[in-house]
file target_16.csv (CSV, C-alpha atoms)
chain,number,residue,atom,x,y,z
A,153,MET,CA,-22.1,69.7,42.1
A,154,ARG,CA,-19.4,70.8,39.7
A,155,PRO,CA,-16.9,71.7,42.4
A,156,ILE,CA,-17.5,68.3,44.1
A,157,LEU,CA,-17.0,66.4,40.8
A,158,LEU,CA,-13.7,68.3,40.2
A,159,LEU,CA,-12.4,67.3,43.6
A,160,VAL,CA,-13.3,63.7,43.0
A,161,ILE,CA,-11.4,63.6,39.7
A,162,MET,CA,-8.3,65.2,41.2
A,163,GLY,CA,-8.4,62.7,44.1
A,164,LEU,CA,-8.4,59.8,41.7
A,165,GLY,CA,-5.3,61.2,39.9
A,166,GLY,CA,-2.9,61.4,42.9
A,167,GLY,CA,-1.2,59.1,45.5
A,168,CYS,CA,0.6,59.8,48.7
A,169,GLY,CA,3.5,61.4,46.9
A,170,GLY,CA,1.3,63.7,44.9
A,171,SER,CA,2.1,61.9,41.6
A,172,GLY,CA,-0.4,60.3,39.3
A,173,SER,CA,1.8,57.2,38.9
A,174,PRO,CA,4.7,56.0,41.0
A,175,ALA,CA,8.2,56.7,39.7
A,176,LYS,CA,9.9,53.7,38.3
A,177,GLN,CA,12.7,52.5,40.6
A,178,ASP,CA,15.8,50.6,39.5
A,179,ALA,CA,16.4,47.3,41.1
A,180,PRO,CA,19.1,47.4,43.7
A,181,SER,CA,22.5,46.4,42.4
A,182,SER,CA,25.1,44.2,44.0
A,183,PRO,CA,28.9,44.1,43.3
A,184,SER,CA,28.5,40.4,42.5
A,185,ASP,CA,25.4,40.5,40.4
A,186,GLY,CA,26.2,38.1,37.6
A,187,ALA,CA,29.4,37.8,35.5
A,188,PRO,CA,30.6,40.5,33.1
A,189,ASP,CA,30.2,40.1,29.4
A,190,THR,CA,33.9,40.3,28.7
A,191,PRO,CA,35.8,37.0,28.4
A,192,ALA,CA,38.7,36.3,30.7
A,193,ALA,CA,42.1,37.6,29.7
A,194,SER,CA,44.5,35.1,28.3
A,195,ASN,CA,46.9,35.7,31.2
A,196,PHE,CA,44.1,35.1,33.9
A,197,SER,CA,46.0,33.7,36.9
A,198,PHE,CA,44.4,35.1,40.1
A,199,PHE,CA,41.0,35.3,41.6
A,200,ILE,CA,39.0,35.3,44.8
A,201,THR,CA,36.5,32.4,45.0
A,202,SER,CA,32.9,33.5,44.6
A,203,SER,CA,32.0,31.4,47.6
A,204,GLY,CA,33.3,29.3,50.4
A,205,ILE,CA,32.5,25.6,50.9
A,206,PRO,CA,29.7,24.1,53.1
A,207,ASN,CA,32.3,22.7,55.5
A,208,GLY,CA,33.7,26.1,56.4
A,209,GLY,CA,37.4,25.7,57.1
A,210,ASP,CA,37.6,22.0,56.5
A,211,PHE,CA,38.9,21.7,52.9
A,212,ARG,CA,39.8,18.0,53.1
A,213,ARG,CA,38.8,15.8,50.2
A,214,THR,CA,38.5,12.8,52.6
A,215,ALA,CA,38.9,12.3,56.3
A,216,ALA,CA,42.3,10.6,55.6
A,217,ASP,CA,43.9,13.9,54.4
A,218,ALA,CA,46.4,15.3,56.8
A,219,ASP,CA,45.5,18.8,55.9
A,220,GLY,CA,43.1,20.6,53.6
A,221,LEU,CA,45.6,22.1,51.1
A,222,ALA,CA,45.0,19.6,48.3
A,223,GLY,CA,41.3,20.0,48.7
A,224,ALA,CA,41.6,23.8,48.6
A,225,ASP,CA,43.7,23.6,45.5
A,226,GLU,CA,41.0,21.5,43.8
A,227,PHE,CA,38.4,24.0,44.9
A,228,CYS,CA,40.4,26.7,43.1
A,229,ARG,CA,40.7,24.5,40.0
A,230,THR,CA,37.0,23.7,39.9
A,231,LYS,CA,36.0,27.3,40.3
A,232,ALA,CA,38.4,28.4,37.6
A,233,ALA,CA,37.4,25.6,35.2
A,234,ALA,CA,33.7,26.3,35.5
A,235,ALA,CA,34.2,30.0,34.9
A,236,VAL,CA,37.0,29.9,32.4
A,237,PRO,CA,37.3,26.5,30.8
A,238,ALA,CA,40.6,27.4,29.1
A,239,SER,CA,42.2,27.7,32.5
A,240,ALA,CA,41.2,24.2,33.7
A,241,ASN,CA,44.7,22.8,33.1
A,242,ARG,CA,46.6,25.5,35.0
A,243,GLN,CA,48.2,24.6,38.3
A,244,TRP,CA,45.8,26.4,40.6
A,245,ARG,CA,47.0,26.8,44.2
A,246,ALA,CA,45.1,28.1,47.3
A,247,TYR,CA,46.9,30.9,49.2
A,248,LEU,CA,46.7,29.1,52.5
A,249,SER,CA,49.3,28.4,55.2
A,250,THR,CA,49.4,25.4,57.6
A,251,THR,CA,51.7,25.0,60.6
A,252,THR,CA,54.3,23.5,58.2
A,253,VAL,CA,53.6,25.1,54.9
A,254,ASN,CA,53.7,28.8,54.0
A,255,ALA,CA,51.2,30.3,51.6
A,256,LYS,CA,53.9,32.3,49.8
A,257,ASP,CA,55.8,29.2,48.9
A,258,ARG,CA,52.8,27.5,47.2
A,259,ILE,CA,51.8,29.9,44.5
A,260,GLY,CA,54.7,30.1,42.0
A,261,THR,CA,56.7,33.1,41.2
A,262,GLY,CA,54.3,35.4,39.3
A,263,PRO,CA,53.3,37.7,37.8
A,264,TRP,CA,49.6,37.2,38.4
A,265,PHE,CA,46.7,38.8,36.6
A,266,ASN,CA,43.0,39.0,37.4
A,267,HIS,CA,40.1,38.1,35.1
A,268,ASN,CA,40.4,41.4,33.3
A,269,GLY,CA,44.1,41.1,32.7
A,270,VAL,CA,45.1,43.6,35.4
A,271,MET,CA,48.4,42.6,37.1
A,272,ILE,CA,47.9,42.3,40.8
A,273,ALA,CA,51.6,41.5,41.6
A,274,ALA,CA,54.7,41.0,39.6
A,275,SER,CA,56.4,38.6,42.0
A,276,VAL,CA,56.1,37.0,45.4
A,277,ALA,CA,58.1,39.9,46.9
A,278,ALA,CA,55.8,42.4,45.3
A,279,LEU,CA,52.7,40.5,46.4
A,280,HIS,CA,53.8,41.0,50.0
A,281,ASP,CA,54.8,44.6,49.6
A,282,PRO,CA,51.8,46.8,50.4
A,283,ALA,CA,53.1,49.5,48.0
A,284,SER,CA,53.3,47.0,45.1
A,285,ASN,CA,50.3,44.7,45.7
A,286,LEU,CA,47.3,45.8,43.7
A,287,ILE,CA,44.7,43.5,45.3
A,288,ASN,CA,42.0,45.9,46.3
A,289,LYS,CA,38.2,46.5,45.8
A,290,ALA,CA,38.6,47.3,42.1
A,291,ASN,CA,41.0,44.5,41.2
A,292,GLY,CA,40.1,41.7,43.6
A,293,LEU,CA,37.7,40.0,41.3
A,294,ASP,CA,36.2,36.5,41.5
A,295,GLU,CA,36.7,33.8,38.9
A,296,THR,CA,33.9,35.2,36.7
A,297,GLY,CA,35.3,38.7,36.8
A,298,ALA,CA,32.6,40.0,39.1
A,299,MET,CA,33.4,42.3,42.0
A,300,VAL,CA,33.4,40.8,45.5
A,301,PRO,CA,31.2,42.5,48.2
A,302,GLY,CA,33.4,44.6,50.5
A,303,LYS,CA,33.2,46.6,53.6
A,304,ASN,CA,30.6,49.1,52.4
A,305,ASP,CA,28.4,46.6,50.6
A,306,ASN,CA,25.5,44.6,52.0
A,307,PRO,CA,26.5,41.9,52.8
A,308,ASN,CA,30.1,42.6,53.6
A,309,GLN,CA,32.1,39.6,52.6
A,310,HIS,CA,35.7,41.0,52.5
A,311,ASP,CA,37.3,38.5,54.8
A,312,ILE,CA,39.5,36.0,52.8
A,313,LEU,CA,40.9,33.0,54.5
A,314,THR,CA,44.7,32.7,54.6
A,315,GLY,CA,46.1,31.4,57.8
A,316,SER,CA,49.0,33.6,57.2
A,317,THR,CA,51.0,36.6,58.5
A,318,THR,CA,51.6,39.7,56.4
A,319,ALA,CA,54.8,38.1,55.2
A,320,GLY,CA,52.9,35.1,53.7
A,321,ILE,CA,54.1,32.6,56.3
A,322,SER,CA,52.1,30.5,58.8
A,323,SER,CA,50.3,32.4,61.5
A,324,GLY,CA,49.5,29.1,63.2
A,325,ASN,CA,45.8,30.2,63.0
A,326,ASN,CA,44.4,27.9,60.3
A,327,CYS,CA,41.3,26.0,61.3
A,328,SER,CA,43.5,23.1,62.5
A,329,ASN,CA,45.4,23.0,59.2
A,330,TRP,CA,42.2,23.4,57.3
A,331,THR,CA,40.6,20.3,58.7
A,332,SER,CA,38.0,21.8,61.1
A,333,SER,CA,34.6,23.2,60.6
A,334,ALA,CA,34.0,23.7,64.3
A,335,ALA,CA,31.9,26.8,65.3
A,336,THR,CA,34.1,27.5,68.3
A,337,GLY,CA,37.4,26.5,69.7
A,338,THR,CA,39.5,27.0,66.5
A,339,THR,CA,39.8,30.0,64.2
A,340,ALA,CA,41.6,31.2,61.1
A,341,GLN,CA,43.5,34.3,60.0
A,342,VAL,CA,41.8,36.3,57.3
A,343,GLY,CA,42.8,39.3,55.2
A,344,HIS,CA,40.7,42.1,53.8
A,345,PHE,CA,40.9,42.1,50.0
A,346,ASP,CA,39.5,45.7,49.9
A,347,ARG,CA,42.1,46.9,52.4
A,348,ILE,CA,39.6,48.4,54.9
A,349,GLY,CA,37.7,47.5,58.0
A,350,GLY,CA,38.4,46.5,61.5
A,351,GLY,CA,40.9,44.1,63.2
A,352,THR,CA,44.5,44.4,64.3
A,353,ASP,CA,45.7,45.2,60.7
A,354,PRO,CA,42.6,46.3,58.8
A,355,MET,CA,44.4,47.3,55.6
A,356,SER,CA,46.1,43.9,55.3
A,357,TRP,CA,45.0,41.8,52.3
A,358,ASN,CA,46.2,38.6,54.1
A,359,ALA,CA,46.4,39.2,57.8
A,360,ALA,CA,43.7,41.5,59.1
A,361,HIS,CA,42.3,39.5,62.0
A,362,ALA,CA,41.0,36.1,63.1
A,363,THR,CA,37.6,34.6,62.6
A,364,ASN,CA,35.2,33.7,65.4
A,365,GLY,CA,35.3,30.0,64.5
A,366,CYS,CA,35.7,27.7,61.5
A,367,SER,CA,32.2,26.9,60.5
A,368,ALA,CA,30.6,28.5,57.5
A,369,ALA,CA,28.3,30.4,59.8
A,370,ALA,CA,31.1,31.6,62.0
A,371,PHE,CA,32.9,33.2,59.0
A,372,VAL,CA,29.8,35.3,58.2
A,373,THR,CA,29.8,36.9,61.7
A,374,THR,CA,33.1,38.8,61.0
A,375,GLY,CA,32.4,39.8,57.4
A,376,GLY,CA,33.2,36.8,55.3
A,377,ARG,CA,31.8,33.8,53.4
A,378,GLY,CA,34.8,31.4,53.5
A,379,SER,CA,36.4,32.6,50.2
A,380,ILE,CA,40.1,32.0,49.5
A,381,TYR,CA,42.6,33.5,47.1
A,382,CYS,CA,43.6,31.3,44.2
A,383,PHE,CA,46.8,31.7,42.2
A,384,ALA,CA,48.1,29.9,39.1
A,385,ALA,CA,51.5,28.6,40.1
A,386,ASP,CA,52.6,27.7,36.5
call {"tool": "encode", "arguments": {"input": "target_16.csv", "output": "structure tokens"}}
result
Amino acid sequence: MRPILLLVIMGLGGGCGGSGSPAKQDAPSSPSDGAPDTPAASNFSFFITSSGIPNGGDFRRTAADADGLAGADEFCRTKAAAAVPASANRQWRAYLSTTTVNAKDRIGTGPWFNHNGVMIAASVAALHDPASNLINKANGLDETGAMVPGKNDNPNQHDILTGSTTAGISSGNNCSNWTSSAATGTTAQVGHFDRIGGGTDPMSWNAAHATNGCSAAAFVTTGGRGSIYCFAAD
């Protein structure tokens, strides 16, 4: 009886892994889990929006708007104001091109700094020079200072809408001047903020490839969420 009793006691003490109690596992982390504790730098003037909009590539405020630029600018301002109230009165501009407007001409002259005070570019020329532009996985933060999910994260959301070429001018590929949320038939040019991935120019922050459509769902299929770049033009 004693050997049998000993075996029963030993059986009660172990699981499949041979341990009396399962090891504590840390919760999975995400690059965008919450906002950092540090306040925004006083020179905060650049961010990637932490989300897109429900209408995908249609940024118009009303159906009467000729394009979506003013609505996209307001989207930037709203995001900035909610995260950093002191920045609410800045002249926030979306880095978006239409057939008649170039993104590079909308955003002021620089320099621009992310939430943590890191300069991402000193000027418009530096912004469009791959050797000088510091938008990347570490510095391409959202309005709260959180990291944006990139190529090696799950989900991958590194596609950022621009409608632009590498030079910051119109590519002609812009969700019908940011008025369309169609799933097919129209597309937009996007960049990879983390400078990695697929497409015709995978290392380009503003002109990596085109989306599959202009609906919010279509943006997801190529690795995006409808986010845009926002710059303070003042």
call {"tool": "closest_atom_pairs", "arguments": {"input": "target_16.csv", "of": "range 266-306 of chain A", "to": "range 333-356 of chain A", "cutoff": "12 Å", "atoms": "all atoms listed in the file", "output": "Markdown table"}}
result
| residue | atom | partner | partner_atom | distance |
| --- | --- | --- | --- | --- |
| A:Ile272 | CA | A:Phe345 | CA | 11.6 |
| A:Leu279 | CA | A:Ser356 | CA | 11.6 |
| A:His280 | CA | A:Ser356 | CA | 9.8 |
| A:Asp281 | CA | A:Ser356 | CA | 10.4 |
| A:Pro282 | CA | A:Ser356 | CA | 8.1 |
| A:Ala283 | CA | A:Ser356 | CA | 11.6 |
| A:Asn285 | CA | A:Ser356 | CA | 10.5 |
| A:Leu286 | CA | A:Phe345 | CA | 9.7 |
| A:Ile287 | CA | A:Phe345 | CA | 6.2 |
| A:Asn288 | CA | A:Asp346 | CA | 4.4 |
| A:Lys289 | CA | A:Asp346 | CA | 4.4 |
| A:Ala290 | CA | A:Asp346 | CA | 8.0 |
| A:Asn291 | CA | A:Asp346 | CA | 8.9 |
| A:Gly292 | CA | A:Phe345 | CA | 6.5 |
| A:Leu293 | CA | A:Phe345 | CA | 9.5 |
| A:Asp294 | CA | A:Phe345 | CA | 11.2 |
| A:Met299 | CA | A:Asp346 | CA | 10.5 |
| A:Val300 | CA | A:Phe345 | CA | 8.8 |
| A:Pro301 | CA | A:Asp346 | CA | 9.1 |
| A:Gly302 | CA | A:Asp346 | CA | 6.2 |
| A:Lys303 | CA | A:Gly349 | CA | 6.4 |
| A:Asn304 | CA | A:Gly349 | CA | 9.2 |
| A:Asp305 | CA | A:Asp346 | CA | 11.2 |
call {"tool": "atom_distance", "arguments": {"input": "target_16.csv", "atom1": "CA of Ala240 in chain A", "atom2": "CA of Gly269 in chain A"}}
result
17.2 Å
call {"tool": "closest_atom_pairs", "arguments": {"input": "target_16.csv", "of": "range 249-336 of chain A", "to": "range 367-383 of chain A", "cutoff": "8 Å", "atoms": "all atoms listed in the file", "output": "Markdown table"}}
result
| residue | atom | partner | partner_atom | distance |
| --- | --- | --- | --- | --- |
| A:Ile259 | CA | A:Phe383 | CA | 5.8 |
| A:Trp264 | CA | A:Phe383 | CA | 7.2 |
| A:Lys303 | CA | A:Gly375 | CA | 7.8 |
| A:Pro307 | CA | A:Gly375 | CA | 7.8 |
| A:Asn308 | CA | A:Gly375 | CA | 5.3 |
| A:Gln309 | CA | A:Gly376 | CA | 4.0 |
| A:His310 | CA | A:Gly376 | CA | 5.6 |
| A:Asp311 | CA | A:Gly376 | CA | 4.5 |
| A:Ile312 | CA | A:Ile380 | CA | 5.2 |
| A:Leu313 | CA | A:Ile380 | CA | 5.2 |
| A:Thr314 | CA | A:Ile380 | CA | 6.9 |
| A:Ser332 | CA | A:Ser367 | CA | 7.7 |
| A:Ser333 | CA | A:Ser367 | CA | 4.4 |
| A:Ala334 | CA | A:Ser367 | CA | 5.3 |
| A:Ala335 | CA | A:Ser367 | CA | 4.8 |
call {"tool": "closest_residue", "arguments": {"input": "target_16.csv", "among": "A:Asn254, A:Thr261, A:Asn241, A:Asn329", "to": "Thr317 in chain A", "atoms": "only C-alpha atoms"}}
result
A:Asn254
call {"tool": "closest_residue", "arguments": {"input": "target_16.csv", "among": "A:Ser249, A:Ser194, A:Thr296, A:Ser203", "to": "Phe265 in chain A", "atoms": "all atoms listed in the file"}}
result
A:Ser194
call {"tool": "atom_distance", "arguments": {"input": "target_16.csv", "atom1": "CA of Asn195 in chain A", "atom2": "CA of Ala385 in chain A"}}
result
12.3 Å
call {"tool": "atom_distance", "arguments": {"input": "target_16.csv", "atom1": "CA of Lys231 in chain A", "atom2": "CA of Phe196 in chain A"}}
result
12.9 Å
call {"tool": "residues_around", "arguments": {"input": "target_16.csv", "residues": "Ala232 in chain A", "least_positions_apart": "4", "cutoff": "9 Å", "atoms": "all atoms listed in the file", "output": "list in words"}}
result
Phe199, Thr201, Phe227, Cys228, Val236, Pro237, Ala238, Ser239, Ala240, Trp244, Glu295, Thr296 and Cys382 of chain A
call {"tool": "closest_residue", "arguments": {"input": "target_16.csv", "among": "A:Gly260, A:Ser197, A:Arg212, A:Ala360", "to": "Arg229 in chain A", "atoms": "all atoms listed in the file"}}
result
A:Ser197
call {"tool": "closest_residue", "arguments": {"input": "target_16.csv", "among": "A:Asn364, A:Ser316, A:Asn358, A:Ser328", "to": "Gly220 in chain A", "atoms": "only C-alpha atoms"}}
result
A:Ser328
call {"tool": "closest_residue", "arguments": {"input": "target_16.csv", "among": "A:Thr214, A:Asn268, A:Thr250, A:Gln243", "to": "Ala298 in chain A", "atoms": "all atoms listed in the file"}}
result
A:Asn268
